[in-house]
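**Q** Provided herewith: final-v9.cif, mmCIF, C-alpha atoms.
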data_structure
loop_
_atom_site.group_PDB
_atom_site.id
_atom_site.type_symbol
_atom_site.label_atom_id
_atom_site.label_comp_id
_atom_site.auth_asym_id
_atom_site.auth_seq_id
_atom_site.Cartn_x
_atom_site.Cartn_y
_atom_site.Cartn_z
ATOM 1 C CA MET A 1296 -20.766 -10.875 -22.004
ATOM 2 C CA LYS A 1297 -22.983 -7.817 -22.509
ATOM 3 C CA GLU A 1298 -25.227 -8.935 -19.641
ATOM 4 C CA ILE A 1299 -22.224 -9.007 -17.313
ATOM 5 C CA PHE A 1300 -21.190 -5.427 -18.089
ATOM 6 C CA HIS A 1301 -24.789 -4.208 -17.852
ATOM 7 C CA SER A 1302 -25.258 -5.673 -14.374
ATOM 8 C CA SER A 1303 -26.435 -3.395 -11.575
ATOM 9 C CA THR A 1304 -24.033 -1.298 -9.518
ATOM 10 C CA LYS A 1305 -24.921 -3.508 -6.546
ATOM 11 C CA THR A 1306 -23.511 -6.561 -8.347
ATOM 12 C CA TRP A 1307 -20.352 -4.680 -9.326
ATOM 13 C CA ASN A 1308 -19.941 -3.447 -5.747
ATOM 14 C CA ILE A 1309 -19.982 -7.043 -4.542
ATOM 15 C CA ILE A 1310 -17.449 -8.053 -7.211
ATOM 16 C CA LEU A 1311 -15.233 -5.086 -6.318
ATOM 17 C CA PHE A 1312 -15.438 -5.817 -2.587
ATOM 18 C CA SER A 1313 -14.594 -9.503 -3.132
ATOM 19 C CA ALA A 1314 -11.632 -8.654 -5.388
ATOM 20 C CA ILE A 1315 -10.227 -6.130 -2.885
ATOM 21 C CA ILE A 1316 -10.555 -8.631 -0.024
ATOM 22 C CA PHE A 1317 -8.715 -11.221 -2.110
ATOM 23 C CA ALA A 1318 -5.954 -8.788 -3.137
ATOM 24 C CA ALA A 1319 -5.422 -7.337 0.343
ATOM 25 C CA PHE A 1320 -5.874 -10.330 2.640
ATOM 26 C CA ILE A 1321 -5.721 -13.612 0.694
ATOM 27 C CA LEU A 1322 -3.174 -13.029 -2.081
ATOM 28 C CA PRO A 1323 -0.312 -12.107 0.324
ATOM 29 C CA VAL A 1324 -0.529 -15.500 2.082
ATOM 30 C CA LEU A 1325 -0.470 -17.531 -1.142
ATOM 31 C CA PRO A 1326 2.832 -18.936 -2.490
ATOM 32 C CA ALA A 1327 5.158 -16.169 -3.715
ATOM 33 C CA ALA A 1328 5.383 -17.777 -7.173
ATOM 34 C CA TRP A 1329 1.695 -17.021 -7.719
ATOM 35 C CA HIS A 1330 1.861 -13.347 -6.713
ATOM 36 C CA LYS A 1331 2.851 -11.626 -9.956
ATOM 37 C CA GLY A 1332 0.320 -13.313 -12.234
ATOM 38 C CA LEU A 1333 -2.566 -13.271 -9.771
ATOM 39 C CA PHE A 1334 -1.764 -9.700 -8.764
ATOM 40 C CA ARG A 1335 -2.329 -8.363 -12.279
ATOM 41 C CA VAL A 1336 -5.452 -10.466 -12.845
ATOM 42 C CA VAL A 1337 -7.077 -9.463 -9.554
ATOM 43 C CA TYR A 1338 -6.178 -5.802 -9.963
ATOM 44 C CA THR A 1339 -7.632 -5.808 -13.483
ATOM 45 C CA ILE A 1340 -10.886 -7.088 -11.980
ATOM 46 C CA ILE A 1341 -10.687 -4.295 -9.376
ATOM 47 C CA TYR A 1342 -10.195 -1.648 -12.089
ATOM 48 C CA VAL A 1343 -13.174 -2.811 -14.153
ATOM 49 C CA ALA A 1344 -15.457 -3.409 -11.156
ATOM 50 C CA ALA A 1345 -14.566 -0.011 -9.689
ATOM 51 C CA ILE A 1346 -15.717 1.779 -12.839
ATOM 52 C CA TYR A 1347 -18.971 -0.151 -13.138
ATOM 53 C CA SER A 1348 -19.740 0.211 -9.421
ATOM 54 C CA LEU A 1349 -20.243 3.947 -9.987
ATOM 55 C CA ASN A 1350 -23.662 5.291 -10.902
ATOM 56 C CA LYS A 1351 -22.158 7.760 -13.374
ATOM 57 C CA ARG A 1352 -19.197 7.007 -15.650
ATOM 58 C CA SER A 1353 -17.629 9.728 -17.754
ATOM 59 C CA ASN A 1354 -15.435 9.235 -20.808
ATOM 60 C CA TYR A 1355 -12.318 10.381 -18.977
ATOM 61 C CA LEU A 1356 -12.898 7.697 -16.325
ATOM 62 C CA LEU A 1357 -13.158 5.026 -19.001
ATOM 63 C CA ALA A 1358 -9.969 6.362 -20.597
ATOM 64 C CA LEU A 1359 -8.239 6.384 -17.201
ATOM 65 C CA VAL A 1360 -9.134 2.766 -16.458
ATOM 66 C CA ALA A 1361 -7.930 1.740 -19.942
ATOM 67 C CA VAL A 1362 -4.574 3.473 -19.403
ATOM 68 C CA THR A 1363 -4.277 1.935 -15.928
ATOM 69 C CA ILE A 1364 -4.917 -1.601 -17.188
ATOM 70 C CA VAL A 1365 -2.502 -1.237 -20.109
ATOM 71 C CA ALA A 1366 0.206 0.243 -17.862
ATOM 72 C CA GLU A 1367 -0.241 -2.569 -15.322
ATOM 73 C CA TRP A 1368 0.116 -5.377 -17.858
ATOM 74 C CA VAL A 1369 2.840 -3.813 -20.031
ATOM 75 C CA SER A 1370 4.983 -2.926 -17.009
ATOM 76 C CA GLY A 1371 4.500 -6.402 -15.567
ATOM 77 C CA ILE A 1372 5.454 -8.142 -18.801
ATOM 78 C CA LEU A 1373 8.398 -5.930 -19.811
ATOM 79 C CA GLY A 1374 9.599 -5.198 -16.276
ATOM 80 C CA PHE A 1375 11.213 -1.845 -17.111
ATOM 81 C CA GLU A 1376 11.700 0.323 -14.027
ATOM 82 C CA LEU A 1377 10.244 3.443 -15.660
ATOM 83 C CA LEU A 1378 7.148 1.548 -16.763
ATOM 84 C CA LEU A 1379 6.704 0.130 -13.259
ATOM 85 C CA ILE A 1380 6.808 3.643 -11.777
ATOM 86 C CA ILE A 1381 4.312 4.889 -14.383
ATOM 87 C CA SER A 1382 2.060 1.931 -13.596
ATOM 88 C CA LYS A 1383 2.114 2.670 -9.866
ATOM 89 C CA CYS A 1384 1.390 6.365 -10.514
ATOM 90 C CA THR A 1385 -1.606 5.545 -12.720
ATOM 91 C CA ASN A 1386 -2.806 3.122 -10.027
ATOM 92 C CA VAL A 1387 -2.667 5.855 -7.390
ATOM 93 C CA VAL A 1388 -4.461 8.397 -9.588
ATOM 94 C CA PHE A 1389 -7.141 5.892 -10.562
ATOM 95 C CA PHE A 1390 -7.837 4.744 -7.001
ATOM 96 C CA ILE A 1391 -7.924 8.326 -5.664
ATOM 97 C CA VAL A 1392 -10.489 9.264 -8.324
ATOM 98 C CA ILE A 1393 -12.591 6.198 -7.465
ATOM 99 C CA VAL A 1394 -12.494 6.942 -3.721
ATOM 100 C CA PHE A 1395 -13.623 10.542 -4.265
ATOM 101 C CA ARG A 1396 -16.360 9.379 -6.635
ATOM 102 C CA LEU A 1397 -17.548 6.853 -4.035
ATOM 103 C CA ILE A 1398 -17.645 9.534 -1.336
ATOM 104 C CA ARG A 1399 -19.583 11.831 -3.663
ATOM 105 C CA GLN A 1400 -21.955 8.997 -4.507
ATOM 106 C CA ILE A 1401 -22.556 8.347 -0.803
ATOM 107 C CA ALA A 1402 -23.015 12.049 -0.065
ATOM 108 C CA THR A 1403 -25.626 12.500 -2.825
ATOM 109 C CA ALA A 1404 -27.553 9.294 -2.107
ATOM 110 C CA ARG A 1405 -31.139 9.864 -1.008
ATOM 111 C CA GLU A 1406 -31.161 7.053 1.541
ATOM 112 C CA VAL A 1407 -28.779 4.695 3.282
ATOM 113 C CA ASN A 1408 -28.992 1.120 2.056
ATOM 114 C CA ALA A 1409 -26.740 -1.927 1.840
ATOM 115 C CA GLU A 1410 -25.153 -0.663 -1.380
ATOM 116 C CA ILE A 1411 -24.184 2.669 0.200
ATOM 117 C CA ILE A 1412 -22.705 0.977 3.271
ATOM 118 C CA LEU A 1413 -20.762 -1.460 1.085
ATOM 119 C CA GLY A 1414 -19.483 1.482 -0.966
ATOM 120 C CA SER A 1415 -18.188 3.205 2.166
ATOM 121 C CA ILE A 1416 -16.325 0.033 3.187
ATOM 122 C CA ILE A 1417 -14.847 -0.288 -0.297
ATOM 123 C CA GLY A 1418 -13.627 3.321 -0.124
ATOM 124 C CA TYR A 1419 -11.825 2.619 3.154
ATOM 125 C CA LEU A 1420 -10.172 -0.518 1.763
ATOM 126 C CA LEU A 1421 -9.092 1.342 -1.385
ATOM 127 C CA ILE A 1422 -7.422 4.025 0.737
ATOM 128 C CA GLY A 1423 -5.337 1.260 2.315
ATOM 129 C CA ILE A 1424 -4.325 0.020 -1.135
ATOM 130 C CA ILE A 1425 -3.386 3.551 -2.223
ATOM 131 C CA TYR A 1426 -1.045 3.981 0.739
ATOM 132 C CA SER A 1427 0.403 0.496 0.237
ATOM 133 C CA ILE A 1428 1.523 1.551 -3.261
ATOM 134 C CA PHE A 1429 3.465 4.486 -1.806
ATOM 135 C CA ILE A 1430 4.983 2.224 0.851
ATOM 136 C CA ALA A 1431 5.966 -0.372 -1.764
ATOM 137 C CA ILE A 1432 7.760 2.319 -3.796
ATOM 138 C CA ILE A 1433 9.589 3.556 -0.690
ATOM 139 C CA ILE A 1434 10.675 0.051 0.331
ATOM 140 C CA GLN A 1435 11.920 -0.618 -3.193
ATOM 141 C CA LYS A 1436 13.828 2.666 -3.529
ATOM 142 C CA ASP A 1437 14.913 3.102 0.086
ATOM 143 C CA PRO A 1438 14.833 -0.220 1.997
ATOM 144 C CA SER A 1439 16.404 1.401 5.062
ATOM 145 C CA ALA A 1440 13.361 3.680 5.468
ATOM 146 C CA PHE A 1441 11.592 0.874 7.363
ATOM 147 C CA ASN A 1442 12.766 -1.994 9.509
ATOM 148 C CA ILE A 1443 11.145 -5.031 11.058
ATOM 149 C CA ALA A 1444 11.543 -5.701 14.765
ATOM 150 C CA LYS A 1445 11.718 -9.452 15.313
ATOM 151 C CA ALA A 1446 13.065 -11.179 18.419
ATOM 152 C CA GLY A 1447 15.183 -8.144 19.245
ATOM 153 C CA LEU A 1448 16.717 -8.022 15.762
ATOM 154 C CA GLN A 1449 16.281 -5.260 13.184
ATOM 155 C CA ILE A 1450 15.605 -6.621 9.692
ATOM 156 C CA GLU A 1451 15.109 -4.613 6.513
ATOM 157 C CA PRO A 1452 11.817 -5.405 4.710
ATOM 158 C CA ASP A 1453 11.920 -7.618 1.622
ATOM 159 C CA VAL A 1454 11.456 -5.374 -1.447
ATOM 160 C CA ASN A 1455 9.634 -8.203 -3.286
ATOM 161 C CA ASP A 1456 7.177 -8.965 -0.489
ATOM 162 C CA ILE A 1457 3.727 -7.570 -1.395
ATOM 163 C CA SER A 1458 2.295 -8.320 2.049
ATOM 164 C CA THR A 1459 4.539 -5.874 3.939
ATOM 165 C CA PRO A 1460 3.222 -2.641 2.318
ATOM 166 C CA LEU A 1461 -0.386 -3.822 2.665
ATOM 167 C CA TYR A 1462 0.136 -4.848 6.277
ATOM 168 C CA PHE A 1463 1.751 -1.567 7.313
ATOM 169 C CA SER A 1464 -0.832 0.476 5.403
ATOM 170 C CA TYR A 1465 -3.895 -1.128 7.008
ATOM 171 C CA VAL A 1466 -2.404 -1.413 10.487
ATOM 172 C CA THR A 1467 -1.461 2.274 10.435
ATOM 173 C CA LEU A 1468 -4.762 3.290 8.829
ATOM 174 C CA ALA A 1469 -6.571 1.592 11.703
ATOM 175 C CA THR A 1470 -4.159 3.250 14.214
ATOM 176 C CA LEU A 1471 -3.207 -0.101 15.772
ATOM 177 C CA GLY A 1472 0.521 0.631 15.756
ATOM 178 C CA TYR A 1473 1.946 -2.792 16.608
ATOM 179 C CA GLY A 1474 5.483 -1.470 16.222
ATOM 180 C CA ASP A 1475 6.865 -4.528 14.434
ATOM 181 C CA LEU A 1476 7.354 -2.551 11.206
ATOM 182 C CA VAL A 1477 8.917 0.775 12.100
ATOM 183 C CA PRO A 1478 9.381 3.903 9.930
ATOM 184 C CA LEU A 1479 12.924 5.143 10.510
ATOM 185 C CA LYS A 1480 13.233 8.307 8.447
ATOM 186 C CA PRO A 1481 11.417 11.636 8.854
ATOM 187 C CA TYR A 1482 9.445 11.331 5.612
ATOM 188 C CA THR A 1483 8.247 7.797 6.380
ATOM 189 C CA ARG A 1484 7.223 8.883 9.874
ATOM 190 C CA SER A 1485 5.306 11.792 8.367
ATOM 191 C CA LEU A 1486 3.653 9.382 5.941
ATOM 192 C CA ALA A 1487 2.669 7.054 8.802
ATOM 193 C CA THR A 1488 1.199 9.994 10.711
ATOM 194 C CA TRP A 1489 -0.773 11.127 7.659
ATOM 195 C CA ILE A 1490 -2.097 7.590 7.050
ATOM 196 C CA ALA A 1491 -3.393 7.375 10.629
ATOM 197 C CA ILE A 1492 -4.993 10.838 10.524
ATOM 198 C CA SER A 1493 -6.608 10.380 7.110
ATOM 199 C CA GLY A 1494 -8.079 7.046 8.203
ATOM 200 C CA GLN A 1495 -9.783 8.707 11.160
ATOM 201 C CA PHE A 1496 -11.006 11.604 9.004
ATOM 202 C CA TYR A 1497 -12.503 9.183 6.478
ATOM 203 C CA ILE A 1498 -14.394 7.315 9.184
ATOM 204 C CA ALA A 1499 -15.590 10.545 10.830
ATOM 205 C CA ILE A 1500 -16.810 12.018 7.531
ATOM 206 C CA LEU A 1501 -18.563 8.829 6.431
ATOM 207 C CA VAL A 1502 -20.218 8.304 9.816
ATOM 208 C CA ALA A 1503 -21.432 11.924 9.787
ATOM 209 C CA LEU A 1504 -22.865 11.490 6.271
ATOM 210 C CA LEU A 1505 -24.602 8.200 7.087
ATOM 211 C CA VAL A 1506 -26.014 9.393 10.414
ATOM 212 C CA GLY A 1507 -27.213 12.612 8.776
ATOM 213 C CA LYS A 1508 -29.080 10.649 6.107
ATOM 214 C CA PHE A 1509 -30.652 8.380 8.721
ATOM 215 C CA THR A 1510 -31.780 11.454 10.677
ATOM 216 C CA VAL A 1511 -33.272 13.202 7.638
ATOM 217 C CA ARG A 1512 -35.094 10.054 6.577
ATOM 218 C CA ARG A 1513 -36.524 9.534 10.055
ATOM 219 C CA GLU A 1514 -37.702 13.145 10.290
ATOM 220 C CA SER A 1515 -39.314 12.978 6.854
ATOM 221 C CA GLN A 1516 -41.228 9.864 7.881
#
Please go through the file and, once you have read it, give me the structure as structure tokens.

**A**
Amino acid sequence: MKEIFHSSTKTWNIILFSAIIFAAFILPVLPAAWHKGLFRVVYTIIYVAAIYSLNKRSNYLLALVAVTIVAEWVSGILGFELLLIISKCTNVVFFIVIVFRLIRQIATAREVNAEIILGSIIGYLLIGIIYSIFIAIIIQKDPSAFNIAKAGLQIEPDVNDISTPLYFSYVTLATLGYGDLVPLKPYTRSLATWIAISGQFYIAILVALLVGKFTVRRESQ
């Protein structure tokens, strides 16, 4: 067990990337009866892998991941609405901290390698998960804030469907804009606009950082 937790950041990056891919793209297509249990297990793996994928881990980060894991499992088992909201809030805070730490890690890296590139991809995928949490809360509290256009009919999203928030988050983040899931209210439209803009800013900043490091390395050689 100790050898697992003392593995290199490269190994933890691979574990984190695999867990995010499973949570975002494979879990939603599995039978709905499996979602709740698998969701908590996979997200626990994401929490732990995210911490150990960082080169530097402070005590407050370890405390934050512990609180996030406890909140996720307790809220899932007890099912109290207040606990569920607290769990989602701790998820958002945790993932935001991890994304900023990943960006800082990329910015301070001396050279661009496979681990740095994988870290930048993980950061982008985590941003999609962060926004999907907000969208899930909105759909649960205000189902009329979004609707689904299907064969000319307008259908309210299913509040228990975990695939809808993830789908809308990533599609908007990538600025595809299929139009099959439509934000109807001013605040959801503003959120959709912000998701699209922040996705482009993330890509622009990361590309600038990576290209800059390539240029510096080439000049030094």

**Q** When the PyMOL selection byres ((chain A and resi 1476-1482) around 12) is applied to the structure above, which residues does it catch, written out as a PyMOL selection string?

**A** chain A and resi 1429-1430+1433-1434+1437-1445+1448-1453+1458-1464+1466-1467+1471-1475+1483-1489

**Q** Restrict the calculation to only C-alpha atoms, then for each residue of range 1407-1446 of chain A with any atom at most 12 Å from an atom of range 1345-1366 of chain A give the closest atom pair and their distance in Å to one decimal, rows by chain and rising residue number, as JSON lines.

**A**
{"residue": "A:Glu1410", "atom": "CA", "partner": "A:Ser1348", "partner_atom": "CA", "distance": 9.7}
{"residue": "A:Ile1411", "atom": "CA", "partner": "A:Ser1348", "partner_atom": "CA", "distance": 10.9}
{"residue": "A:Leu1413", "atom": "CA", "partner": "A:Ser1348", "partner_atom": "CA", "distance": 10.7}
{"residue": "A:Gly1414", "atom": "CA", "partner": "A:Ser1348", "partner_atom": "CA", "distance": 8.6}
{"residue": "A:Ile1417", "atom": "CA", "partner": "A:Ala1345", "partner_atom": "CA", "distance": 9.4}
{"residue": "A:Gly1418", "atom": "CA", "partner": "A:Ala1345", "partner_atom": "CA", "distance": 10.2}
{"residue": "A:Leu1421", "atom": "CA", "partner": "A:Ala1345", "partner_atom": "CA", "distance": 10.0}

**Q** If we count only C-alpha atoms and set the cut-off at 9 Å, which residues sit around Gln1495 in chain A, ignoring sequence neighbours fewer than 6 positions away in its own chain? Please answer as a ChimeraX atom specification.

**A** /A:1468-1470

**Q** Please write as a PyMOL selection string the list of polymer residues whose atoms come within 6 Å of (-8.4, 6.4, 4.7), counting only C-alpha atoms and keeping to the coordinates of the file.

**A** chain A and resi 1419+1422+1493-1494+1497

**Q** List the residues selected by the PyMOL selection byres ((chain A and resi 1315-1320) around 12) in the file shown, writing them as a PDB file with C-alpha atoms, keeping the file's coordinate frame.

**A**
ATOM      1  CA  ASN A1308     -19.941  -3.447  -5.747  1.00  0.00           C
ATOM      2  CA  ILE A1309     -19.982  -7.043  -4.542  1.00  0.00           C
ATOM      3  CA  ILE A1310     -17.449  -8.053  -7.211  1.00  0.00           C
ATOM      4  CA  LEU A1311     -15.233  -5.086  -6.318  1.00  0.00           C
ATOM      5  CA  PHE A1312     -15.438  -5.817  -2.587  1.00  0.00           C
ATOM      6  CA  SER A1313     -14.594  -9.503  -3.132  1.00  0.00           C
ATOM      7  CA  ALA A1314     -11.632  -8.654  -5.388  1.00  0.00           C
ATOM      8  CA  ILE A1321      -5.721 -13.612   0.694  1.00  0.00           C
ATOM      9  CA  LEU A1322      -3.174 -13.029  -2.081  1.00  0.00           C
ATOM     10  CA  PRO A1323      -0.312 -12.107   0.324  1.00  0.00           C
ATOM     11  CA  VAL A1324      -0.529 -15.500   2.082  1.00  0.00           C
ATOM     12  CA  LEU A1325      -0.470 -17.531  -1.142  1.00  0.00           C
ATOM     13  CA  HIS A1330       1.861 -13.347  -6.713  1.00  0.00           C
ATOM     14  CA  LYS A1331       2.851 -11.626  -9.956  1.00  0.00           C
ATOM     15  CA  GLY A1332       0.320 -13.313 -12.234  1.00  0.00           C
ATOM     16  CA  LEU A1333      -2.566 -13.271  -9.771  1.00  0.00           C
ATOM     17  CA  PHE A1334      -1.764  -9.700  -8.764  1.00  0.00           C
ATOM     18  CA  ARG A1335      -2.329  -8.363 -12.279  1.00  0.00           C
ATOM     19  CA  VAL A1336      -5.452 -10.466 -12.845  1.00  0.00           C
ATOM     20  CA  VAL A1337      -7.077  -9.463  -9.554  1.00  0.00           C
ATOM     21  CA  TYR A1338      -6.178  -5.802  -9.963  1.00  0.00           C
ATOM     22  CA  THR A1339      -7.632  -5.808 -13.483  1.00  0.00           C
ATOM     23  CA  ILE A1340     -10.886  -7.088 -11.980  1.00  0.00           C
ATOM     24  CA  ILE A1341     -10.687  -4.295  -9.376  1.00  0.00           C
ATOM     25  CA  TYR A1342     -10.195  -1.648 -12.089  1.00  0.00           C
ATOM     26  CA  ALA A1344     -15.457  -3.409 -11.156  1.00  0.00           C
ATOM     27  CA  ALA A1345     -14.566  -0.011  -9.689  1.00  0.00           C
ATOM     28  CA  PHE A1390      -7.837   4.744  -7.001  1.00  0.00           C
ATOM     29  CA  ILE A1416     -16.325   0.033   3.187  1.00  0.00           C
ATOM     30  CA  ILE A1417     -14.847  -0.288  -0.297  1.00  0.00           C
ATOM     31  CA  GLY A1418     -13.627   3.321  -0.124  1.00  0.00           C
ATOM     32  CA  TYR A1419     -11.825   2.619   3.154  1.00  0.00           C
ATOM     33  CA  LEU A1420     -10.172  -0.518   1.763  1.00  0.00           C
ATOM     34  CA  LEU A1421      -9.092   1.342  -1.385  1.00  0.00           C
ATOM     35  CA  ILE A1422      -7.422   4.025   0.737  1.00  0.00           C
ATOM     36  CA  GLY A1423      -5.337   1.260   2.315  1.00  0.00           C
ATOM     37  CA  ILE A1424      -4.325   0.020  -1.135  1.00  0.00           C
ATOM     38  CA  ILE A1425      -3.386   3.551  -2.223  1.00  0.00           C
ATOM     39  CA  SER A1427       0.403   0.496   0.237  1.00  0.00           C
ATOM     40  CA  ILE A1428       1.523   1.551  -3.261  1.00  0.00           C
ATOM     41  CA  ILE A1457       3.727  -7.570  -1.395  1.00  0.00           C
ATOM     42  CA  SER A1458       2.295  -8.320   2.049  1.00  0.00           C
ATOM     43  CA  THR A1459       4.539  -5.874   3.939  1.00  0.00           C
ATOM     44  CA  PRO A1460       3.222  -2.641   2.318  1.00  0.00           C
ATOM     45  CA  LEU A1461      -0.386  -3.822   2.665  1.00  0.00           C
ATOM     46  CA  TYR A1462       0.136  -4.848   6.277  1.00  0.00           C
ATOM     47  CA  PHE A1463       1.751  -1.567   7.313  1.00  0.00           C
ATOM     48  CA  SER A1464      -0.832   0.476   5.403  1.00  0.00           C
ATOM     49  CA  TYR A1465      -3.895  -1.128   7.008  1.00  0.00           C
TER      50      TYR A1465
END

**Q** Can you measure CA of Leu1501 in chain A to CA of Ile1412 in chain A for me? One decimal in Å is fine.

**A**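 Answer for the CA of Leu1501 in chain A to CA of Ile1412 in chain A separation: 9.4 Å.
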